[in-house]
Amino acid sequence: MRKTIIAGNWKMNGLRADAAALITDLRAKLDGNTDGVEVLVCPPFTALATAEERLKGSAIGLGGQNTFWKEKGAYTGQISPSMLKDAGCTYVILGHSEPRGRFGVPEPDFTPEILAHFGDCDATVNRKLKAVLAAGGLQPIICVGETLSERQAGNTDSVIQTQTRAALDGIAPESVPALVFAYEPVWAIGTGEVCEAGEADRVCGVVRSTVGELYGESAADAVRVQYGGSVKADNALDLLSRPNIDGALVGGASLKAGDFAAIVAAAPERQSV
Ligand code: 13P
């Protein structure tokens, strides 16, 4: 059975003191209360050291929000997988729509030229996944998702299939069952407009069946697929009870300890506790 995985993506939020306070609040609610669920937080790079310190002795894991595919060298501003591990991370988010330059809430001052150079594309996500797997010790969370215009054009499934296949290009079969994907429809991110749970489940199933086409049924059964995009305490249960949704990648609601803890509590394995 696939273990539910709930991740908090703090994005560009939180000075060190904020991170310390949020983790203290989270631990008060979650320590001793995460059996059957994998829980992690992904603070900004600058707060990782503080977070690592404050998470000592807790079952809550620590993740980076991005990485680079080179191990070291003249790559100003980049962070390698081994640096993330050194900072105490055991998870890393790859290919989130924001570093792909795809935003749910329009950013009027980001011109097309700026967006085109924002960072990630399918090819960099693939390189990053290869580097993370080569480094070992980091659980990648690979994000895929369609924009509103791609959905309206009827291209949701093809976008998801293309991004999933591109991320997995050249990935060895033995690495695949342990992978985590996150289906994050771009139009649902930060907008308060959650994807209807049945549709979110269907598209998470598209990720799974794409893995199946490439690597076979047992790999498809094993990979975990999170949903992300306006997950809140009041919609988490509906989403997390769906057969193809194995967890949540939570943005805004992960910045409030009570909201994040309520999402963790909605995980199916938790309901009987
Ligand atoms: P929100 O939960 O704020 O919509 O963000 C989702 C997300 O992008 C998580 O990675």
# chains A, B, ... in the order shown; residues from 1 in each chain; ligands from 1
>>> residues_near_ligand(ligand="ligand 1", cutoff="6 Å", atoms="only C-alpha atoms and all ligand atoms", output="VMD selection string")
chain A and resid 9 188 to 190 228 to 231 249 to 253
>>> write_last_selection(atoms="N, CA, C and O atoms", output="compact mmCIF listing (two decimals), in the first residue's frame")
# COMPACT_ATOMS: atom_id res chain seq x y z
N ASN A 9 5.16 23.17 1.02
CA ASN A 9 6.09 23.96 0.21
C ASN A 9 5.92 25.42 0.64
O ASN A 9 4.93 26.06 0.28
N ALA A 188 -4.71 26.23 -10.39
CA ALA A 188 -5.22 26.01 -9.03
C ALA A 188 -4.22 26.47 -7.96
O ALA A 188 -4.53 26.44 -6.77
N ILE A 189 -3.03 26.91 -8.40
CA ILE A 189 -1.98 27.24 -7.44
C ILE A 189 -2.13 28.67 -6.95
O ILE A 189 -2.07 29.62 -7.74
N GLY A 190 -2.38 28.80 -5.66
CA GLY A 190 -2.46 30.12 -5.05
C GLY A 190 -3.71 30.88 -5.41
O GLY A 190 -3.84 32.07 -5.11
N GLY A 228 -1.54 18.95 -5.75
CA GLY A 228 -1.24 20.25 -5.17
C GLY A 228 -1.99 21.35 -5.91
O GLY A 228 -2.19 21.27 -7.13
N GLY A 229 -2.40 22.37 -5.17
CA GLY A 229 -3.14 23.49 -5.76
C GLY A 229 -4.34 23.82 -4.91
O GLY A 229 -5.37 23.16 -4.99
N SER A 230 -4.14 24.82 -4.02
CA SER A 230 -5.23 25.28 -3.13
C SER A 230 -5.77 24.16 -2.23
O SER A 230 -6.97 24.11 -1.95
N VAL A 231 -4.89 23.26 -1.80
CA VAL A 231 -5.30 22.28 -0.79
C VAL A 231 -5.45 23.01 0.54
O VAL A 231 -4.57 23.76 0.96
N LEU A 249 0.70 18.31 -1.92
CA LEU A 249 1.79 19.28 -1.89
C LEU A 249 1.10 20.63 -1.62
O LEU A 249 0.34 21.12 -2.45
N VAL A 250 1.37 21.15 -0.44
CA VAL A 250 0.57 22.25 0.09
C VAL A 250 1.39 23.54 0.10
O VAL A 250 2.50 23.54 0.65
N GLY A 251 0.87 24.60 -0.49
CA GLY A 251 1.55 25.88 -0.47
C GLY A 251 1.07 26.74 0.68
O GLY A 251 1.46 26.56 1.84
N GLY A 252 0.15 27.66 0.38
CA GLY A 252 -0.30 28.65 1.35
C GLY A 252 -0.71 28.06 2.70
O GLY A 252 -0.32 28.60 3.76
N ALA A 253 -1.46 26.97 2.68
CA ALA A 253 -1.96 26.41 3.95
C ALA A 253 -0.85 25.76 4.78
O ALA A 253 -1.08 25.44 5.95
>>> residues_around(residues="Ser80 (chain A)", least_positions_apart="5", cutoff="7 Å", atoms="only C-alpha atoms", output="ChimeraX atom specification")
/A:67-72
>>> residues_around(residues="Gly32 (chain A)", least_positions_apart="3", cutoff="10 Å", atoms="only C-alpha atoms", output="VMD selection string")
chain A and resid 27 to 29 35 58 to 59
>>> closest_residue(among="A:Pro177, A:Gly137, A:Gly212, A:Pro112", to="Arg165 (chain A)", atoms="only C-alpha atoms")
A:Gly212
>>> residues_around(residues="Phe260 (chain A)", least_positions_apart="2", cutoff="8 Å", atoms="only C-alpha atoms", output="ChimeraX atom specification")
/A:8,26,232-233,250,253-258,262-264
>>> write_last_selection(atoms="all heavy atoms", output="compact mmCIF listing (two decimals), in the first residue's frame")
# COMPACT_ATOMS: atom_id res chain seq x y z
N GLY A 8 4.76 20.36 2.85
CA GLY A 8 4.52 21.80 2.89
C GLY A 8 5.59 22.51 2.09
O GLY A 8 6.77 22.43 2.43
N LEU A 26 4.23 23.55 14.58
CA LEU A 26 3.91 22.29 13.90
C LEU A 26 4.22 21.10 14.79
O LEU A 26 3.44 20.15 14.87
CB LEU A 26 4.74 22.16 12.62
CG LEU A 26 4.24 22.87 11.37
CD1 LEU A 26 5.25 22.73 10.25
CD2 LEU A 26 2.89 22.28 10.94
N LYS A 232 -6.60 22.79 1.18
CA LYS A 232 -6.90 23.43 2.47
C LYS A 232 -7.44 22.36 3.40
O LYS A 232 -7.78 21.25 2.98
CB LYS A 232 -7.98 24.52 2.29
CG LYS A 232 -7.69 25.54 1.20
CD LYS A 232 -6.68 26.58 1.65
CE LYS A 232 -6.39 27.56 0.52
NZ LYS A 232 -5.02 27.95 0.37
N ALA A 233 -7.61 22.75 4.66
CA ALA A 233 -8.14 21.80 5.64
C ALA A 233 -9.52 21.29 5.21
O ALA A 233 -9.84 20.12 5.41
CB ALA A 233 -8.22 22.47 7.01
N VAL A 250 1.37 21.15 -0.44
CA VAL A 250 0.57 22.25 0.09
C VAL A 250 1.39 23.54 0.10
O VAL A 250 2.50 23.54 0.65
CB VAL A 250 0.11 21.92 1.53
CG1 VAL A 250 -0.83 23.00 2.05
CG2 VAL A 250 -0.54 20.55 1.61
N ALA A 253 -1.46 26.97 2.68
CA ALA A 253 -1.96 26.41 3.95
C ALA A 253 -0.85 25.76 4.78
O ALA A 253 -1.08 25.44 5.95
CB ALA A 253 -3.08 25.41 3.68
N SER A 254 0.33 25.58 4.18
CA SER A 254 1.42 24.98 4.97
C SER A 254 2.12 26.02 5.83
O SER A 254 2.98 25.69 6.65
CB SER A 254 2.44 24.29 4.06
OG SER A 254 3.20 25.23 3.33
N LEU A 255 1.74 27.29 5.64
CA LEU A 255 2.37 28.36 6.43
C LEU A 255 1.63 28.60 7.74
O LEU A 255 2.06 29.43 8.54
CB LEU A 255 2.41 29.65 5.61
CG LEU A 255 3.25 29.57 4.32
CD1 LEU A 255 3.05 30.81 3.47
CD2 LEU A 255 4.73 29.37 4.66
N LYS A 256 0.53 27.90 7.94
CA LYS A 256 -0.20 28.01 9.21
C LYS A 256 -0.23 26.63 9.84
O LYS A 256 -0.77 25.67 9.25
CB LYS A 256 -1.63 28.49 8.95
CG LYS A 256 -1.67 29.91 8.44
CD LYS A 256 -3.09 30.46 8.43
CE LYS A 256 -3.09 31.87 7.89
NZ LYS A 256 -4.10 32.08 6.87
N ALA A 257 0.34 26.52 11.04
CA ALA A 257 0.50 25.21 11.66
C ALA A 257 -0.84 24.49 11.81
O ALA A 257 -0.95 23.29 11.53
CB ALA A 257 1.19 25.36 13.01
N GLY A 258 -1.88 25.21 12.21
CA GLY A 258 -3.18 24.58 12.43
C GLY A 258 -3.76 24.03 11.13
O GLY A 258 -4.31 22.92 11.09
N ALA A 262 -4.20 20.06 10.16
CA ALA A 262 -5.53 19.54 9.82
C ALA A 262 -5.49 18.77 8.51
O ALA A 262 -6.20 17.77 8.34
CB ALA A 262 -6.52 20.70 9.73
N ILE A 263 -4.65 19.21 7.57
CA ILE A 263 -4.50 18.47 6.30
C ILE A 263 -3.85 17.11 6.57
O ILE A 263 -4.28 16.09 6.04
CB ILE A 263 -3.70 19.32 5.29
CG1 ILE A 263 -4.53 20.54 4.87
CG2 ILE A 263 -3.30 18.49 4.07
CD1 ILE A 263 -3.76 21.62 4.13
N VAL A 264 -2.83 17.11 7.42
CA VAL A 264 -2.19 15.83 7.79
C VAL A 264 -3.22 14.91 8.44
O VAL A 264 -3.30 13.71 8.14
CB VAL A 264 -0.99 16.07 8.74
CG1 VAL A 264 -0.45 14.74 9.26
CG2 VAL A 264 0.11 16.85 8.02
>>> residues_around(residues="Pro185 (chain A)", least_positions_apart="6", cutoff="8 Å", atoms="only C-alpha atoms", output="PyMOL selection string")
chain A and resi 144-148+195+228-229
